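One structure is given here, and the rest of the page talks about it.
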Amino acid sequence: MRLEGVALACIRGGREVFAGLEFLVGGGEALLVTGRNGAGKSTLLRLVAGLVRPAGGRLSLSGGDPERSIAEQAHYLGHLDALKPSLTVGENLRFWMRYLDLASAKPAEGAEYTALAAVGLGALTELPAAYLSAGQRRRLSIARLLAVKRPIWLLDEPTSALDRDAQDMLAGLMREHLSGGGIIAAATHGPIGLDRARELQLGAIRPGIHPGIRP
Amino acid sequence: MNALAAMFMRDIRLAVRVGGGGGIGVLFFLIVVVLMPFAIGPDMALLGRIGPAILWLGALLASLLTLERLFAADHEDGSLDLILMSDTPLELAVAAKALAHWLTTGLPLVIAVPLLGLFMNLDGHASAAVALTLLAGTPALTFIGLIGAALSVALRRGGLLLAVLVLPLTIPVLVFGVSASNAAIVGPLPFGTPFTILCALTLTSVVIGIFAAAAALRHGME
């Protein structure tokens, strides 16, 4: 499996965010997208997720399911948690499991509890999400990535609001995902606990100079 | 189907739980209709004559009130991103949301009509006629409003924009809804003619509303 971006360009609100962006990330590899604020890290992830249309260039995925688009094979963990405060923790997760997982008509019994236990929310299944702290909301969003299997994870500052234990837990989950052949693209300012990751630095772009990928 | 059922059930749950919009529409409808006799005065004959129009206007405003949050809430908490990324066609997701919205806000309006008809000096027959026209017509209001709700997310302007966009489009529904009610109550027109047109308007708006709202959402995510 290989996710490749060729000569990607993006224009937002009349301003060029980036142009001529190239990246390549293979199965079992992580791509850390770094750069100053406003460099286009989130935009790049949203572009891969199909939520922003590129102004130029193309994205391709080889080795995935040819019937489904890149977005349909990707999990997007953005700044927003996509949780409804009046639903319980379990109901929130169950909804996304049923909505996102078309492959299995009925999600495996217990997948929900396994995912919630893995992020440390096993005891809070019946609690309305309104009562969760910012870090717990983040954990619940992460549980979505575990409950529905998708090969590409697009993580936008995944460690924000997480305490140290949760950051370690997330690093473990990411390593597990990579060892299963998955792909991770993460926008981040600091280390997220992955040792061997390619880095894509945004924002240092001058006209005519393409940003390189440092292994 | 499973994904759509999940979406439908989620929206129903959200509407009926605390803080959901389920009861607000009916309360607003109640207030609008109850205020009318105070404004118009105790002229029973006049109230009876304009009753169907007042009930229709009240239902129109009440259904607009809750529509604004239909996509805005999903947009604000990031759910819309995931919905757009999913394999489920956006049109079907939009339709499931609209159906859930109508069941939780449109249908209660219809059910409240026999009670509110009393305030308007409508007898049982007249109330039944208004309720029947609202049953056929409120889905049109929901699905036309769907376009406005999607546009207000796409254009990142909430609130009043929805009303300004949607209200002119609902004029035909209002015209034929009220004229069908009046035809049933006082005649002399046959009830069937305006009522059939009302049903046609509803069916048309279901089709157009779903595709237009989905197109607006896709475009708006740019």
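Residues in the structure tokens are numbered from 1 in each chain, the chains being A, B, ... in the order shown, and ligands are numbered from 1 in the order shown.
With only C-alpha atoms taken into account, chain A has Ala49, Gly50, Leu51, Val52, Arg53, Ala71, Glu72, Leu80, Asp81, Ala82, Leu83, Ser86, Phe95, Arg98, Tyr99, Leu100 and Ala105 of chain A at most 7 Å from chain B.
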Next item on the list: Run DSSP on the backbone of this structure and report the residues of chain A it assigns to helix (DSSP H, G or I), as a ChimeraX atom specification.
Entry: /A:41-48,71-73,89-100,111-118,122-124,129-131,134-147,164-179
Closest pair table for stretch 159-182 of chain B residues within 8 Å of stretch 39-52 of chain B, only C-alpha atoms, as a tab-separated table:
residue	atom	partner	partner_atom	distance
B:Val178	CA	B:Pro52	CA	6.2
B:Ser181	CA	B:Pro52	CA	6.4
B:Asn182	CA	B:Pro52	CA	7.1
Selection file, N, CA and C atoms, as a compact mmCIF listing (two decimals), in the first residue's frame:
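Wrote it out as result-v2.txt, contents follow:
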# COMPACT_ATOMS: atom_id res chain seq x y z
N VAL B 178 -53.25 26.58 2.31
CA VAL B 178 -54.36 27.35 2.87
C VAL B 178 -55.58 27.23 1.98
N SER B 181 -57.27 23.98 2.62
CA SER B 181 -58.02 23.99 3.89
C SER B 181 -59.31 24.76 3.74
N ASN B 182 -59.24 25.94 3.11
CA ASN B 182 -60.43 26.75 2.94
C ASN B 182 -61.45 26.07 2.05
Checklist line | Counting only C-alpha atoms, the option among B:Leu30, B:Leu60, B:Ile24, B:Val207 closest to B:Gly117 | finding: B:Leu30
Next item on the list: Can you pull out every residue within 9 Å of stretch 3-11 of chain A, counting only C-alpha atoms, but drop anything in the same chain fewer than 3 positions away, and send it as a count of residues only?
Entry: 35
Margin query: For a quick check of understanding, using only C-alpha atoms, which of A:Met1, A:Leu31, A:Ala147, A:Ala74 has the smallest distance to A:Arg196?
Written below: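 Looking at the shortest contact to A:Arg196, the residue is A:Leu31.
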Note to self: Among stretch 9-215 of chain A, which residues does DSSP mark as strand (DSSP E or B) when it is run on the backbone? Keep the chain and numbering as in the structure and answer as an MDAnalysis selection string.
What the structure shows: chainID A and resid 9:12 15:26 30:34 56:62 74:77 88 128 152:156 183:187 198:201 213:214
Dump as a compact mmCIF listing (two decimals), in the first residue's frame, selection limited to C-alpha atoms:
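Final file, again_29.txt:
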# COMPACT_ATOMS: atom_id res chain seq x y z
CA ALA A 9 -1.23 22.72 -4.73
CA CYS A 10 -3.88 24.29 -2.60
CA ILE A 11 -5.46 27.71 -2.65
CA ARG A 12 -7.66 28.83 0.24
CA ARG A 15 -4.12 32.66 -0.88
CA GLU A 16 -1.76 29.94 -1.98
CA VAL A 17 -1.24 27.65 1.00
CA PHE A 18 1.26 25.38 -0.68
CA ALA A 19 2.25 24.41 -4.19
CA GLY A 20 4.37 21.72 -5.73
CA LEU A 21 4.09 19.54 -2.67
CA GLU A 22 5.35 16.00 -3.03
CA PHE A 23 5.13 13.19 -0.55
CA LEU A 24 5.20 9.45 -0.54
CA VAL A 25 4.31 7.18 2.33
CA GLY A 26 4.12 3.43 2.21
CA ALA A 30 4.20 7.31 9.24
CA LEU A 31 4.47 10.78 7.77
CA LEU A 32 4.89 13.63 10.21
CA VAL A 33 3.68 16.89 8.75
CA THR A 34 5.39 19.76 10.52
CA GLY A 56 -3.37 21.23 -8.73
CA GLY A 57 -1.52 17.94 -8.60
CA ARG A 58 -2.94 14.59 -7.70
CA LEU A 59 -3.21 12.06 -4.91
CA SER A 60 -2.99 8.38 -5.54
CA LEU A 61 -3.29 5.29 -3.46
CA SER A 62 -1.99 2.00 -4.71
CA ALA A 74 -9.14 6.95 5.75
CA HIS A 75 -9.94 8.00 9.28
CA TYR A 76 -9.76 11.72 9.90
CA LEU A 77 -9.12 12.87 13.46
CA THR A 88 -23.73 8.69 25.85
CA PRO A 128 -23.41 11.40 28.39
CA ILE A 152 -5.08 5.28 6.56
CA TRP A 153 -5.12 7.45 9.65
CA LEU A 154 -5.04 11.22 9.18
CA LEU A 155 -4.35 12.76 12.57
CA ASP A 156 -4.39 16.49 13.13
CA ILE A 183 -0.43 4.37 7.01
CA ILE A 184 -0.39 7.35 9.34
CA ALA A 185 -0.14 10.99 8.35
CA ALA A 186 -0.01 13.24 11.38
CA ALA A 187 0.25 17.00 11.66
CA ARG A 198 9.29 10.44 7.55
CA GLU A 199 8.98 14.14 8.01
CA LEU A 200 7.35 16.55 5.63
CA GLN A 201 8.10 20.12 6.49
CA ILE A 213 11.08 14.53 2.35
CA ARG A 214 13.66 13.63 4.94
Spatial neighbours of A:Gly180, 10 Å, only C-alpha atoms, chain gap at least 6 places, as an mmCIF file with N, CA and C atoms, in the first residue's frame:
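What landed in result09.cif:
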data_model
loop_
_atom_site.group_PDB
_atom_site.id
_atom_site.type_symbol
_atom_site.label_atom_id
_atom_site.label_comp_id
_atom_site.auth_asym_id
_atom_site.auth_seq_id
_atom_site.Cartn_x
_atom_site.Cartn_y
_atom_site.Cartn_z
ATOM 1 N N GLY A 27 2.984 1.536 3.193
ATOM 2 C CA GLY A 27 2.356 0.774 4.261
ATOM 3 C C GLY A 27 3.314 0.574 5.422
ATOM 4 N N GLY A 28 2.809 0.750 6.634
ATOM 5 C CA GLY A 28 3.660 0.589 7.800
ATOM 6 C C GLY A 28 4.522 1.794 8.098
ATOM 7 N N PRO A 151 -7.330 1.638 6.709
ATOM 8 C CA PRO A 151 -5.869 1.550 6.632
ATOM 9 C C PRO A 151 -5.132 2.880 6.797
ATOM 10 N N MET A 174 -0.719 3.711 17.616
ATOM 11 C CA MET A 174 -0.202 4.055 16.292
ATOM 12 C C MET A 174 0.827 3.028 15.839
#
Note to self: Applying 10 Å and only C-alpha atoms, which residues near stretch 136-139 of chain A remain after dropping the ones on its own chain fewer than 4 positions away? List them as a PyMOL selection string.
What the structure shows: chain A and resi 77-83+85+89+115-116+118-121+124+129-132+143-144+158-163+166-167+169-170
Go ahead and dump the residues you just picked, N, CA and C atoms, as a CSV table (one decimal), in the first residue's frame.
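Below is the file that was written, result19.csv:
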chain,number,residue,atom,x,y,z
A,77,LEU,N,-9.0,12.4,12.1
A,77,LEU,CA,-9.1,12.9,13.5
A,77,LEU,C,-8.7,14.3,13.5
A,78,GLY,N,-9.7,15.2,13.4
A,78,GLY,CA,-9.4,16.6,13.3
A,78,GLY,C,-9.4,17.3,14.6
A,79,HIS,N,-9.5,18.6,14.6
A,79,HIS,CA,-9.5,19.4,15.9
A,79,HIS,C,-10.9,19.2,16.6
A,80,LEU,N,-11.9,18.9,15.8
A,80,LEU,CA,-13.2,18.7,16.3
A,80,LEU,C,-13.5,17.2,16.6
A,81,ASP,N,-14.2,16.9,17.6
A,81,ASP,CA,-14.3,15.5,18.0
A,81,ASP,C,-15.5,14.8,17.5
A,82,ALA,N,-16.4,15.5,16.8
A,82,ALA,CA,-17.5,14.8,16.1
A,82,ALA,C,-18.3,14.0,17.2
A,83,LEU,N,-18.6,14.6,18.3
A,83,LEU,CA,-19.3,13.9,19.4
A,83,LEU,C,-20.6,14.7,19.7
A,85,PRO,N,-23.0,15.9,22.6
A,85,PRO,CA,-23.0,15.9,24.0
A,85,PRO,C,-24.2,15.2,24.7
A,89,VAL,N,-21.4,8.0,25.8
A,89,VAL,CA,-20.1,7.6,25.2
A,89,VAL,C,-20.4,6.4,24.3
A,115,ALA,N,-12.7,-1.3,22.0
A,115,ALA,CA,-12.2,0.0,21.6
A,115,ALA,C,-12.2,1.0,22.8
A,116,LEU,N,-13.3,1.0,23.6
A,116,LEU,CA,-13.4,1.9,24.7
A,116,LEU,C,-12.4,1.6,25.8
A,118,ALA,N,-9.6,0.1,25.3
A,118,ALA,CA,-8.2,0.4,24.8
A,118,ALA,C,-7.9,1.9,25.1
A,119,VAL,N,-8.9,2.8,25.0
A,119,VAL,CA,-8.6,4.2,25.2
A,119,VAL,C,-8.9,4.6,26.7
A,120,GLY,N,-9.2,3.7,27.5
A,120,GLY,CA,-9.4,4.0,28.9
A,120,GLY,C,-10.7,4.6,29.3
A,121,LEU,N,-11.7,4.3,28.5
A,121,LEU,CA,-13.1,4.8,28.8
A,121,LEU,C,-14.1,3.7,29.1
A,124,LEU,N,-17.0,4.3,31.4
A,124,LEU,CA,-17.8,5.5,31.2
A,124,LEU,C,-18.8,5.3,30.0
A,129,ALA,N,-21.8,12.3,26.8
A,129,ALA,CA,-20.5,12.8,26.4
A,129,ALA,C,-20.4,14.3,26.8
A,130,ALA,N,-21.5,14.9,27.2
A,130,ALA,CA,-21.4,16.3,27.7
A,130,ALA,C,-20.5,16.4,28.9
A,131,TYR,N,-20.4,15.3,29.7
A,131,TYR,CA,-19.7,15.4,30.9
A,131,TYR,C,-18.2,15.0,30.8
A,132,LEU,N,-17.8,14.7,29.6
A,132,LEU,CA,-16.4,14.3,29.4
A,132,LEU,C,-15.5,15.6,29.4
A,143,ALA,N,-11.1,6.2,19.9
A,143,ALA,CA,-11.7,4.9,19.9
A,143,ALA,C,-12.4,4.6,18.6
A,144,ARG,N,-12.8,5.6,17.9
A,144,ARG,CA,-13.5,5.4,16.6
A,144,ARG,C,-12.5,4.8,15.6
A,158,PRO,N,-2.8,15.0,17.1
A,158,PRO,CA,-3.6,14.0,17.8
A,158,PRO,C,-3.3,14.0,19.3
A,159,THR,N,-2.2,14.6,19.7
A,159,THR,CA,-1.8,14.6,21.2
A,159,THR,C,-2.4,15.7,21.9
A,160,SER,N,-3.1,16.7,21.2
A,160,SER,CA,-3.6,17.8,22.0
A,160,SER,C,-4.6,17.4,23.0
A,161,ALA,N,-4.6,18.0,24.1
A,161,ALA,CA,-5.5,17.7,25.3
A,161,ALA,C,-5.2,16.4,26.0
A,162,LEU,N,-4.3,15.6,25.4
A,162,LEU,CA,-4.1,14.3,26.0
A,162,LEU,C,-3.1,14.4,27.1
A,163,ASP,N,-3.3,13.7,28.2
A,163,ASP,CA,-2.3,13.6,29.3
A,163,ASP,C,-1.2,12.6,28.9
A,166,ALA,N,-2.1,9.1,28.2
A,166,ALA,CA,-2.9,8.9,27.0
A,166,ALA,C,-2.0,9.1,25.7
A,167,GLN,N,-1.0,10.0,25.9
A,167,GLN,CA,-0.1,10.1,24.7
A,167,GLN,C,0.7,8.8,24.5
A,169,MET,N,-0.4,5.9,25.3
A,169,MET,CA,-1.4,4.9,24.8
A,169,MET,C,-1.6,5.1,23.3
A,170,LEU,N,-1.7,6.4,22.9
A,170,LEU,CA,-1.9,6.7,21.5
A,170,LEU,C,-0.7,6.3,20.7
